[in-house]
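Scroll down for the structure; my scribbles are underneath it.
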Amino acid sequence: MTQSYDVIVLGGGPAGVRAAIAARRQGLTVAVIDEGRRPGGQVYRAPNFTVSAADLDANPDLVRGERLRADFAGSGAELFARHRAWFAAPGIKVSAAGPEGATWFESRALILATGTSERAIPVPGITLPGVIGLAAATVLLKAHGAVPGSPTLVAGVGPLLYAVATSILKHGGQVAAVVDLSRPGEWAAALPGMISRPDLLARGLGWMLSLKRAGIPIHHGSTVTAIRGDVNVQEVEICPVDGNWAPIAGARRKTIAAKGVAIGHGLTPASEFARILAIPHRFSAERGGWIPTLAPDRKAMDGVYIAGDCAGISGAAAAEIAGTLAGLSAARDLGALTDAKYAELALPVSRSLARAERFGWTISKLMSLRPGLARAIASDTVVCRCEDVARETIDDAAKAGATHVNQLKSLTRCGMGPCQGRSCGEAAAEIMAADTNTSREAVGAWTARTPLRPLPLDVLLGSYVYEDILKPPPLPA
Amino acid sequence: MPEISSPPPEAWRRDPHVARGPLVQILVDGLPLEAHDGEPLIVALGAAGCLAMRRSPKAGTPRGAFCLMGSCQECLVHVDGAPVEACMELVRSGMRVELDRLARDLRKLSER
Ligand SMILES: Cc1cc2nc3c(=O)[nH]c(=O)nc-3n(C[C@H](O)[C@H](O)[C@H](O)COP(=O)(O)OP(=O)(O)OC[C@H]3O[C@@H](n4cnc5c(N)ncnc54)[C@H](O)[C@@H]3O)c2cc1C
Ligand code: FES
């Protein structure tokens, strides 16, 4: 059976929820598809435990999340929870796999708000059980109320380092050390951009201060070079980096005992739906990777709008506001809002978006990947976790003449496993760019393929015809 | 019900101040394990020190949860016979969890 709506929103994070509410408020019928059980997305992930008043007091994100969920519940938009979208075509057609199999949707407008995935540039030992992503650690802490193996070494880049380390202490765990690629000077340089959101700035400074007070060692300008242990994490080797994030040859390496590791090198937009719809993309290291091109009103093509971090990393505050703007734009284009009314409603929204983006872009710039990290990956380190493809295999493919990541994929199976390249895409492309002495623009991005997410075979069988499947041209176009 | 009295240091730990569902029993590779009703399966496994869910299909190295958001597929286990991501699945009383079946299946295929 096909479900019909005026507007389909892919993703129920801050961007998707605000988009749905804005469109619904103009009288449109709206469905939100999300693989989670409740709205909230990553930053406002709904906890899996009973929230107490003390929890709310201690965590402003939880308060925002609860407000987001309450607003959504009162909006009249429908949520298809536990539904994982795997197909989209202009027109508009979408399919999502839920507990009862595939549901097909048709609509007049589609709003993409699928968020991000975490980037983790591999080091030896990163595949050891007990090593989790840094953004992943926020989920374990805030949604599951649990801490990783203690003491935990927290490593990578960006404010999540300090959020995670503080939260581990708060939930009763221990932190072995924080290993931050950025130097204090780089944080200081980011201050002017962060002043647009004094509340968020104050919270970040509070995290750093409480770690200092707790005596947690913070190693600035350093990276993890190895995680060691037989079946579990035992110790972590760290090393100072240069301005390109390459470990400095000959610098003294330090070994730190730890039982768990949270490691992450920024976020990258989940743009697979925009890519399958053949929306033009450009590469922006500062915004997390390949990002779709769109108009200031969030329109990317006829009937398709994009909001939130999947359009380029801008942070949670900007995601909510961009979502509202996308919802209003869709309502205008569907005739539910006059141009004059649209202009009146959109103006203040655009203004506050600019302010939130100033903050978000400053952070995403601080986290933008520098080439030294991936260049330093050792030959025998596994890059593609699904297919066990080591760096040397990627080097060999480049030597054999591969110049685009699609060629790398067909030569080596790198990125062809069940995660569909979400885990290794960034590292593989960085290595290719280094090996071929070109750029991320030149080596392109993996062409998105339907199904866009792993699916049980019975969901797929007989549910669509081959001609329906889009085959977008490879990036760069 | 056998209890893991002192989980190893690498085990994940539940914050005792967080209000969770009642304790129920699940089966992991045939052995009983206590877990909270409605908590993510990955937390039940992690808190028991069971961090390795599977082996990588080619090199056979142990793997466990990495992304906790249903993306990396490293936490794939079988629940009541069907493959699921342990980070997205919630604990239900009596659920039968099998680890590493995927790796076993893959090995069988490659032996043909
Ligand atoms: C694991 C993780 C944890 C994070 N934690 C924090 C944090 O603690 N603090 C912070 O400031 N920032 C955090 N971030 C950054 C985060 O990207 C933004 O802060 C914010 O959540 C962006 O909002 P959004 O609406 O654009 O996307 P998201 O909040 O990511 O929402 C996207 C939604 O789309 C859904 N989705 C995606 N693809 C599909 C599909 N194919 N089918 C169905 N549903 C789909 C997801 O389930 C998700 O609910 C985190 C990011 C990640 C990846
Ligand atoms: S931990 Fe990545 S899919 Fe579950």
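Lettering and numbering for the structure tokens are positional, with chains as A, B, ... in the shown order, residues counted from 1 in each chain, and ligands counted from 1 in the shown order.
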
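Backbone DSSP over chain B gives strand (DSSP E) for Arg13, Arg14, Leu23, Val24, Gln25, Ile26, Leu27, Val28, Leu31, Pro32, Leu33, Glu34, Ala35, His36, Arg54, Arg55, Pro62, Arg63, Leu76, Val77, His78, Val79, Ala82, Pro83, Val84, Glu85, Arg96, Val97 and Glu98 of chain B.
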
Collect all residues with atoms no farther than 10 Å from ligand 2, counting only C-alpha atoms and all ligand atoms, and output them as an MDAnalysis selection string.
(chainID A and resid 132:133 136 418:419 423) or (chainID B and resid 42 53 63:77 84:89)

Keeping only N, CA and C atoms, take the residues you just selected and write them out as a PDB file, in the first residue's frame.
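Generated output (selection-v6.pdb):
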ATOM      1  N   ILE A 132      35.016   2.754  20.656  1.00  0.00           N
ATOM      2  CA  ILE A 132      33.798   3.264  20.023  1.00  0.00           C
ATOM      3  C   ILE A 132      34.045   4.679  19.511  1.00  0.00           C
ATOM      4  N   GLY A 133      33.125   5.149  18.697  1.00  0.00           N
ATOM      5  CA  GLY A 133      33.237   6.502  18.172  1.00  0.00           C
ATOM      6  C   GLY A 133      33.020   7.530  19.273  1.00  0.00           C
ATOM      7  N   ALA A 136      29.476   8.430  19.028  1.00  0.00           N
ATOM      8  CA  ALA A 136      28.818   7.222  19.534  1.00  0.00           C
ATOM      9  C   ALA A 136      28.789   7.236  21.058  1.00  0.00           C
ATOM     10  N   PRO A 418      28.474  -4.168   4.094  1.00  0.00           N
ATOM     11  CA  PRO A 418      27.142  -3.810   4.591  1.00  0.00           C
ATOM     12  C   PRO A 418      26.987  -2.359   5.079  1.00  0.00           C
ATOM     13  N   CYS A 419      28.058  -1.681   5.488  1.00  0.00           N
ATOM     14  CA  CYS A 419      27.881  -0.294   5.937  1.00  0.00           C
ATOM     15  C   CYS A 419      27.842   0.646   4.742  1.00  0.00           C
ATOM     16  N   SER A 423      31.476   3.997   7.008  1.00  0.00           N
ATOM     17  CA  SER A 423      32.551   4.034   8.003  1.00  0.00           C
ATOM     18  C   SER A 423      33.884   4.472   7.399  1.00  0.00           C
TER      19      SER A 423
ATOM     20  N   ILE B  42      22.712  -3.770  23.181  1.00  0.00           N
ATOM     21  CA  ILE B  42      24.161  -3.549  23.225  1.00  0.00           C
ATOM     22  C   ILE B  42      24.609  -3.184  24.640  1.00  0.00           C
ATOM     23  N   MET B  53      31.079  -8.840  19.278  1.00  0.00           N
ATOM     24  CA  MET B  53      29.817  -9.369  18.773  1.00  0.00           C
ATOM     25  C   MET B  53      30.070 -10.420  17.705  1.00  0.00           C
ATOM     26  N   ARG B  63      35.167  -8.114  16.480  1.00  0.00           N
ATOM     27  CA  ARG B  63      34.599  -6.783  16.273  1.00  0.00           C
ATOM     28  C   ARG B  63      33.449  -6.560  17.245  1.00  0.00           C
ATOM     29  N   GLY B  64      33.230  -5.296  17.559  1.00  0.00           N
ATOM     30  CA  GLY B  64      32.101  -4.940  18.407  1.00  0.00           C
ATOM     31  C   GLY B  64      31.545  -3.602  17.982  1.00  0.00           C
ATOM     32  N   ALA B  65      30.562  -3.124  18.722  1.00  0.00           N
ATOM     33  CA  ALA B  65      29.871  -1.878  18.392  1.00  0.00           C
ATOM     34  C   ALA B  65      30.861  -0.736  18.196  1.00  0.00           C
ATOM     35  N   PHE B  66      30.659   0.071  17.187  1.00  0.00           N
ATOM     36  CA  PHE B  66      31.481   1.274  17.023  1.00  0.00           C
ATOM     37  C   PHE B  66      30.646   2.547  16.962  1.00  0.00           C
ATOM     38  N   CYS B  67      29.571   2.557  16.132  1.00  0.00           N
ATOM     39  CA  CYS B  67      28.872   3.830  15.870  1.00  0.00           C
ATOM     40  C   CYS B  67      27.680   4.065  16.788  1.00  0.00           C
ATOM     41  N   LEU B  68      27.106   2.991  17.328  1.00  0.00           N
ATOM     42  CA  LEU B  68      25.920   3.056  18.194  1.00  0.00           C
ATOM     43  C   LEU B  68      24.740   3.781  17.562  1.00  0.00           C
ATOM     44  N   MET B  69      24.701   3.844  16.222  1.00  0.00           N
ATOM     45  CA  MET B  69      23.572   4.509  15.564  1.00  0.00           C
ATOM     46  C   MET B  69      23.080   3.739  14.342  1.00  0.00           C
ATOM     47  N   GLY B  70      23.362   2.445  14.299  1.00  0.00           N
ATOM     48  CA  GLY B  70      22.810   1.641  13.222  1.00  0.00           C
ATOM     49  C   GLY B  70      23.474   1.829  11.878  1.00  0.00           C
ATOM     50  N   SER B  71      24.704   2.334  11.876  1.00  0.00           N
ATOM     51  CA  SER B  71      25.346   2.623  10.600  1.00  0.00           C
ATOM     52  C   SER B  71      26.462   1.634  10.252  1.00  0.00           C
ATOM     53  N   CYS B  72      27.345   1.325  11.224  1.00  0.00           N
ATOM     54  CA  CYS B  72      28.573   0.587  10.880  1.00  0.00           C
ATOM     55  C   CYS B  72      28.361  -0.906  10.697  1.00  0.00           C
ATOM     56  N   GLN B  73      27.310  -1.474  11.256  1.00  0.00           N
ATOM     57  CA  GLN B  73      26.982  -2.899  11.126  1.00  0.00           C
ATOM     58  C   GLN B  73      27.947  -3.815  11.876  1.00  0.00           C
ATOM     59  N   GLU B  74      28.799  -3.244  12.720  1.00  0.00           N
ATOM     60  CA  GLU B  74      29.761  -4.065  13.462  1.00  0.00           C
ATOM     61  C   GLU B  74      29.107  -4.802  14.632  1.00  0.00           C
ATOM     62  N   CYS B  75      27.907  -4.402  15.028  1.00  0.00           N
ATOM     63  CA  CYS B  75      27.271  -5.011  16.200  1.00  0.00           C
ATOM     64  C   CYS B  75      26.204  -6.016  15.794  1.00  0.00           C
ATOM     65  N   LEU B  76      26.269  -6.473  14.536  1.00  0.00           N
ATOM     66  CA  LEU B  76      25.230  -7.374  14.045  1.00  0.00           C
ATOM     67  C   LEU B  76      25.214  -8.693  14.826  1.00  0.00           C
ATOM     68  N   VAL B  77      24.058  -9.056  15.361  1.00  0.00           N
ATOM     69  CA  VAL B  77      23.874 -10.344  16.033  1.00  0.00           C
ATOM     70  C   VAL B  77      22.570 -10.933  15.493  1.00  0.00           C
ATOM     71  N   VAL B  84      20.016  -8.588  13.464  1.00  0.00           N
ATOM     72  CA  VAL B  84      19.651  -7.238  13.931  1.00  0.00           C
ATOM     73  C   VAL B  84      20.900  -6.516  14.406  1.00  0.00           C
ATOM     74  N   GLU B  85      20.811  -5.203  14.432  1.00  0.00           N
ATOM     75  CA  GLU B  85      21.884  -4.406  15.016  1.00  0.00           C
ATOM     76  C   GLU B  85      21.627  -4.342  16.515  1.00  0.00           C
ATOM     77  N   ALA B  86      22.575  -4.822  17.307  1.00  0.00           N
ATOM     78  CA  ALA B  86      22.377  -4.852  18.759  1.00  0.00           C
ATOM     79  C   ALA B  86      22.233  -3.441  19.330  1.00  0.00           C
ATOM     80  N   CYS B  87      22.738  -2.433  18.614  1.00  0.00           N
ATOM     81  CA  CYS B  87      22.643  -1.058  19.131  1.00  0.00           C
ATOM     82  C   CYS B  87      21.259  -0.458  18.898  1.00  0.00           C
ATOM     83  N   MET B  88      20.443  -1.057  18.027  1.00  0.00           N
ATOM     84  CA  MET B  88      19.120  -0.514  17.724  1.00  0.00           C
ATOM     85  C   MET B  88      18.012  -1.366  18.361  1.00  0.00           C
ATOM     86  N   GLU B  89      18.357  -2.576  18.817  1.00  0.00           N
ATOM     87  CA  GLU B  89      17.373  -3.525  19.334  1.00  0.00           C
ATOM     88  C   GLU B  89      17.222  -3.352  20.851  1.00  0.00           C
TER      89      GLU B  89
END

inquiry  = as a list of chain:residue names, please: the residues near Val154 (chain A) (cut-off 7 Å, only C-alpha atoms, same-chain neighbours under 3 positions excluded).
reply    =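 Counting only C-alpha atoms, the residues come to A:Leu161, A:Ala165, A:Ala177, A:Val178, A:Val179, A:Val261, A:Ala262, A:Ile263.
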
Would you tabulate, counting only C-alpha atoms and all ligand atoms, all residues of chain A that have an atom at most 7 Å from an atom of ligand 1, showing the closest pair of atoms and their distance in Å to one decimal, sorted by chain then ascending number, as a Markdown table?
| residue | atom | partner | partner_atom_place_in_ligand_line | distance |
| --- | --- | --- | --- | --- |
| A:Leu10 | CA | ligand 1 | 44 (N) | 6.0 |
| A:Gly11 | CA | ligand 1 | 34 (O) | 3.1 |
| A:Gly12 | CA | ligand 1 | 49 (O) | 4.7 |
| A:Gly13 | CA | ligand 1 | 31 (O) | 3.4 |
| A:Pro14 | CA | ligand 1 | 25 (O) | 4.0 |
| A:Ala15 | CA | ligand 1 | 25 (O) | 3.7 |
| A:Gly16 | CA | ligand 1 | 25 (O) | 5.6 |
| A:Ile33 | CA | ligand 1 | 43 (C) | 5.4 |
| A:Asp34 | CA | ligand 1 | 44 (N) | 3.5 |
| A:Glu35 | CA | ligand 1 | 43 (C) | 4.2 |
| A:Gly36 | CA | ligand 1 | 47 (O) | 5.1 |
| A:Pro39 | CA | ligand 1 | 49 (O) | 6.5 |
| A:Gly40 | CA | ligand 1 | 49 (O) | 6.0 |
| A:Gly41 | CA | ligand 1 | 49 (O) | 3.2 |
| A:Gln42 | CA | ligand 1 | 29 (O) | 4.0 |
| A:Val43 | CA | ligand 1 | 6 (C) | 3.9 |
| A:Tyr44 | CA | ligand 1 | 21 (O) | 6.6 |
| A:His83 | CA | ligand 1 | 43 (C) | 5.6 |
| A:Arg84 | CA | ligand 1 | 42 (N) | 3.5 |
| A:Ala85 | CA | ligand 1 | 42 (N) | 3.8 |
| A:Trp86 | CA | ligand 1 | 41 (N) | 5.7 |
| A:Ala96 | CA | ligand 1 | 42 (N) | 6.8 |
| A:Ala113 | CA | ligand 1 | 26 (O) | 5.6 |
| A:Thr114 | CA | ligand 1 | 34 (O) | 3.8 |
| A:Gly115 | CA | ligand 1 | 27 (O) | 3.2 |
| A:Thr116 | CA | ligand 1 | 53 (C) | 5.1 |
| A:Ser117 | CA | ligand 1 | 53 (C) | 4.5 |
| A:Glu118 | CA | ligand 1 | 53 (C) | 5.1 |
| A:Ala135 | CA | ligand 1 | 3 (C) | 4.0 |
| A:Ala136 | CA | ligand 1 | 1 (C) | 4.5 |
| A:Thr138 | CA | ligand 1 | 8 (O) | 5.2 |
| A:Val139 | CA | ligand 1 | 3 (C) | 5.9 |
| A:Leu160 | CA | ligand 1 | 9 (N) | 6.7 |
| A:Leu267 | CA | ligand 1 | 53 (C) | 6.6 |
| A:Ala307 | CA | ligand 1 | 26 (O) | 6.5 |
| A:Gly308 | CA | ligand 1 | 26 (O) | 3.3 |
| A:Asp309 | CA | ligand 1 | 26 (O) | 3.8 |
| A:Cys310 | CA | ligand 1 | 26 (O) | 5.8 |
| A:Gly315 | CA | ligand 1 | 19 (O) | 4.5 |
| A:Ala316 | CA | ligand 1 | 19 (O) | 3.8 |
| A:Ala319 | CA | ligand 1 | 26 (O) | 5.0 |
| A:Glu320 | CA | ligand 1 | 25 (O) | 6.8 |
| A:Leu452 | CA | ligand 1 | 41 (N) | 6.9 |
| A:Arg453 | CA | ligand 1 | 41 (N) | 6.2 |

Counting only C-alpha atoms, what is within 7 Å of Arg24 (chain A), bar same-chain residues fewer than 4 positions away, as JSON, numbers by chain? {"A": [20, 28, 29, 30, 75, 76, 77]}

Restricting to only C-alpha atoms, whichever of A:Ser182, A:Gln174, A:Ser379, A:Ser150 is closest to chain B is A:Ser150

- Query: B:Pro16, B:Gly21, B:Ala47, B:Ala82: which is nearest Leu33 (chain B), counting only C-alpha atoms?
  - Reply: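 Checking each of B:Pro16, B:Gly21, B:Ala47, B:Ala82 against Leu33 (chain B), counting only C-alpha atoms, the winner is B:Ala47.
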
Counting only C-alpha atoms, what are the residues of chain A within 9 Å of chain B, and for each of them which pair of atoms is the nearest and at what distance in Å, to one decimal? Sort the table by chain and rising number, as CSV.
residue,atom,partner,partner_atom,distance
A:Glu35,CA,B:Gly70,CA,8.7
A:Gly36,CA,B:Met88,CA,7.8
A:Gln42,CA,B:Met69,CA,8.4
A:Asn48,CA,B:Glu39,CA,6.1
A:Phe49,CA,B:Arg20,CA,5.3
A:Thr50,CA,B:Ala19,CA,5.5
A:Val51,CA,B:Ala19,CA,7.6
A:Ser52,CA,B:Ala19,CA,8.1
A:Asp55,CA,B:Val18,CA,8.8
A:Ser117,CA,B:Ser71,CA,7.9
A:Glu118,CA,B:Cys67,CA,7.5
A:Thr127,CA,B:Arg63,CA,6.2
A:Leu128,CA,B:Arg63,CA,6.1
A:Pro129,CA,B:Gly64,CA,4.6
A:Gly130,CA,B:Leu51,CA,6.1
A:Val131,CA,B:Phe66,CA,6.6
A:Ile132,CA,B:Phe66,CA,4.3
A:Gly133,CA,B:Cys67,CA,5.6
A:Leu134,CA,B:Cys67,CA,8.5
A:Ala135,CA,B:Cys67,CA,7.7
A:Ala136,CA,B:Cys67,CA,5.0
A:Ala137,CA,B:Leu68,CA,7.9
A:Val139,CA,B:Leu68,CA,6.8
A:Leu140,CA,B:Leu68,CA,7.4
A:Leu141,CA,B:Asp15,CA,8.9
A:His144,CA,B:Glu39,CA,7.3
A:Gly145,CA,B:Asp15,CA,5.6
A:Ala146,CA,B:Arg14,CA,4.2
A:Val147,CA,B:Arg13,CA,5.2
A:Pro148,CA,B:Trp12,CA,4.5
A:Gly149,CA,B:Glu10,CA,4.1
A:Ser150,CA,B:Pro9,CA,6.3
A:Pro151,CA,B:Pro9,CA,8.4
A:His171,CA,B:Asp15,CA,5.4
A:Gly172,CA,B:Asp15,CA,6.5
A:Gly173,CA,B:Arg13,CA,7.7
A:Val231,CA,B:Pro62,CA,7.2
A:Asn232,CA,B:Glu10,CA,7.0
A:Val233,CA,B:Glu10,CA,7.3
A:Gln234,CA,B:Glu10,CA,8.8
A:Ala258,CA,B:Glu10,CA,8.6
A:Lys259,CA,B:Glu10,CA,4.9
A:Gly260,CA,B:Glu10,CA,6.2
A:Arg385,CA,B:Ser56,CA,7.6
A:Cys386,CA,B:Ser56,CA,6.9
A:Glu387,CA,B:Lys58,CA,6.7
A:Asp388,CA,B:Lys58,CA,6.2
A:Pro418,CA,B:Gln73,CA,6.6
A:Cys419,CA,B:Cys72,CA,5.1
A:Gln420,CA,B:Cys72,CA,8.6
A:Gly421,CA,B:Cys72,CA,8.7
A:Arg422,CA,B:Cys72,CA,7.0
A:Ser423,CA,B:Cys72,CA,6.0
A:Arg453,CA,B:Ser71,CA,8.5
A:Pro454,CA,B:Gln73,CA,8.9
A:Pro456,CA,B:Pro83,CA,8.4

note - CA of Pro451 (chain A) and CA of Ala374 (chain A) are separated by 28.9 Å

### Task
Take CA of Glu344 (chain A) and CA of Arg18 (chain A) and report the distance between them in Å, one decimal.
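Between these atoms lies a distance of 17.8 Å.
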
Discussion item. Here is a test: counting only C-alpha atoms, which residue of A:Val63, A:Ser4, A:Gly289, A:Arg37 is nearest to Pro99 (chain A)?
Written reply: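 Checking each of A:Val63, A:Ser4, A:Gly289, A:Arg37 against Pro99 (chain A), counting only C-alpha atoms, the winner is A:Arg37.
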
Exercise for the section: Skip Glu235 (chain A) itself and residues of its chain fewer than 2 positions away, then list as a ChimeraX atom specification all residues within 6 Å of it, counting only C-alpha atoms. Expected result: /A:228,256-258

Export, as a PDB file, in the first residue's frame, the selected residues with all heavy atoms.
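Full text of out03.pdb as output:
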ATOM      1  N   ARG A 228      46.359  -0.706  21.740  1.00  0.00           N
ATOM      2  CA  ARG A 228      46.902  -2.060  21.868  1.00  0.00           C
ATOM      3  C   ARG A 228      46.117  -2.892  22.869  1.00  0.00           C
ATOM      4  O   ARG A 228      45.552  -2.364  23.832  1.00  0.00           O
ATOM      5  CB  ARG A 228      48.370  -2.001  22.318  1.00  0.00           C
ATOM      6  CG  ARG A 228      49.245  -1.282  21.323  1.00  0.00           C
ATOM      7  CD  ARG A 228      50.713  -1.596  21.556  1.00  0.00           C
ATOM      8  NE  ARG A 228      51.510  -0.648  20.789  1.00  0.00           N
ATOM      9  CZ  ARG A 228      52.091   0.441  21.303  1.00  0.00           C
ATOM     10  NH1 ARG A 228      52.005   0.701  22.594  1.00  0.00           N
ATOM     11  NH2 ARG A 228      52.777   1.246  20.516  1.00  0.00           N
ATOM     12  N   ILE A 256      49.492   5.308  27.399  1.00  0.00           N
ATOM     13  CA  ILE A 256      48.536   5.546  28.476  1.00  0.00           C
ATOM     14  C   ILE A 256      47.682   4.292  28.650  1.00  0.00           C
ATOM     15  O   ILE A 256      47.140   3.767  27.672  1.00  0.00           O
ATOM     16  CB  ILE A 256      47.633   6.758  28.139  1.00  0.00           C
ATOM     17  CG1 ILE A 256      48.498   8.011  27.930  1.00  0.00           C
ATOM     18  CG2 ILE A 256      46.583   6.982  29.220  1.00  0.00           C
ATOM     19  CD1 ILE A 256      47.734   9.204  27.400  1.00  0.00           C
ATOM     20  N   ALA A 257      47.558   3.821  29.887  1.00  0.00           N
ATOM     21  CA  ALA A 257      46.722   2.639  30.134  1.00  0.00           C
ATOM     22  C   ALA A 257      45.250   3.042  30.056  1.00  0.00           C
ATOM     23  O   ALA A 257      44.861   4.095  30.564  1.00  0.00           O
ATOM     24  CB  ALA A 257      47.039   2.068  31.512  1.00  0.00           C
ATOM     25  N   ALA A 258      44.441   2.222  29.385  1.00  0.00           N
ATOM     26  CA  ALA A 258      43.003   2.496  29.275  1.00  0.00           C
ATOM     27  C   ALA A 258      42.272   1.188  29.015  1.00  0.00           C
ATOM     28  O   ALA A 258      42.855   0.239  28.494  1.00  0.00           O
ATOM     29  CB  ALA A 258      42.739   3.485  28.145  1.00  0.00           C
TER      30      ALA A 258
END

Fill in: Selection: 10 Å around His404 (chain A), only C-alpha atoms, excl. self and same-chain fewer than 6 positions, as an MDAnalysis selection string
chainID A and resid 398 429 432:433 436 440:446 474:476

The selected residues should be written to file as a PDB file, in the first residue's frame (atoms: N, CA and C atoms).
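Output file out_10.pdb is given in full below:
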ATOM      1  N   ALA A 398      45.677   2.535  -6.395  1.00  0.00           N
ATOM      2  CA  ALA A 398      46.094   3.824  -6.950  1.00  0.00           C
ATOM      3  C   ALA A 398      47.272   3.625  -7.905  1.00  0.00           C
ATOM      4  N   ALA A 429      38.943   8.101   0.726  1.00  0.00           N
ATOM      5  CA  ALA A 429      39.087   9.204  -0.221  1.00  0.00           C
ATOM      6  C   ALA A 429      40.332  10.036   0.085  1.00  0.00           C
ATOM      7  N   MET A 432      43.297   8.086  -1.209  1.00  0.00           N
ATOM      8  CA  MET A 432      43.345   8.168  -2.681  1.00  0.00           C
ATOM      9  C   MET A 432      43.887   9.518  -3.127  1.00  0.00           C
ATOM     10  N   ALA A 433      43.422  10.583  -2.470  1.00  0.00           N
ATOM     11  CA  ALA A 433      43.876  11.926  -2.847  1.00  0.00           C
ATOM     12  C   ALA A 433      45.381  12.056  -2.602  1.00  0.00           C
ATOM     13  N   THR A 436      47.345   9.751  -5.236  1.00  0.00           N
ATOM     14  CA  THR A 436      47.329  10.206  -6.630  1.00  0.00           C
ATOM     15  C   THR A 436      47.818  11.653  -6.724  1.00  0.00           C
ATOM     16  N   ARG A 440      40.588  15.946  -2.806  1.00  0.00           N
ATOM     17  CA  ARG A 440      39.313  15.273  -2.527  1.00  0.00           C
ATOM     18  C   ARG A 440      38.322  15.526  -3.653  1.00  0.00           C
ATOM     19  N   GLU A 441      38.347  16.731  -4.233  1.00  0.00           N
ATOM     20  CA  GLU A 441      37.468  17.040  -5.361  1.00  0.00           C
ATOM     21  C   GLU A 441      37.731  16.046  -6.497  1.00  0.00           C
ATOM     22  N   ALA A 442      39.023  15.817  -6.781  1.00  0.00           N
ATOM     23  CA  ALA A 442      39.391  14.998  -7.940  1.00  0.00           C
ATOM     24  C   ALA A 442      39.018  13.529  -7.746  1.00  0.00           C
ATOM     25  N   VAL A 443      39.194  12.985  -6.536  1.00  0.00           N
ATOM     26  CA  VAL A 443      38.907  11.557  -6.363  1.00  0.00           C
ATOM     27  C   VAL A 443      37.414  11.293  -6.155  1.00  0.00           C
ATOM     28  N   GLY A 444      36.634  12.357  -5.960  1.00  0.00           N
ATOM     29  CA  GLY A 444      35.176  12.231  -5.945  1.00  0.00           C
ATOM     30  C   GLY A 444      34.607  11.518  -4.729  1.00  0.00           C
ATOM     31  N   ALA A 445      33.349  11.107  -4.865  1.00  0.00           N
ATOM     32  CA  ALA A 445      32.651  10.394  -3.789  1.00  0.00           C
ATOM     33  C   ALA A 445      32.020   9.155  -4.392  1.00  0.00           C
ATOM     34  N   TRP A 446      31.815   8.145  -3.549  1.00  0.00           N
ATOM     35  CA  TRP A 446      31.158   6.937  -4.026  1.00  0.00           C
ATOM     36  C   TRP A 446      29.776   7.271  -4.544  1.00  0.00           C
ATOM     37  N   PRO A 474      28.539   9.743 -11.431  1.00  0.00           N
ATOM     38  CA  PRO A 474      29.483   9.867 -10.322  1.00  0.00           C
ATOM     39  C   PRO A 474      29.855  11.314 -10.045  1.00  0.00           C
ATOM     40  N   LEU A 475      30.220  11.591  -8.803  1.00  0.00           N
ATOM     41  CA  LEU A 475      30.725  12.912  -8.416  1.00  0.00           C
ATOM     42  C   LEU A 475      32.238  12.921  -8.610  1.00  0.00           C
ATOM     43  N   PRO A 476      32.935  13.953  -8.949  1.00  0.00           N
ATOM     44  CA  PRO A 476      32.357  15.213  -9.380  1.00  0.00           C
ATOM     45  C   PRO A 476      31.750  15.063 -10.769  1.00  0.00           C
TER      46      PRO A 476
END

Worksheet item: Nearest to Pro472 (chain A): which of A:Phe359, A:Tyr162, A:Tyr305, A:Phe273 is it, counting only C-alpha atoms?
Response: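 Smallest separation from Pro472 (chain A) among the options: A:Phe273.
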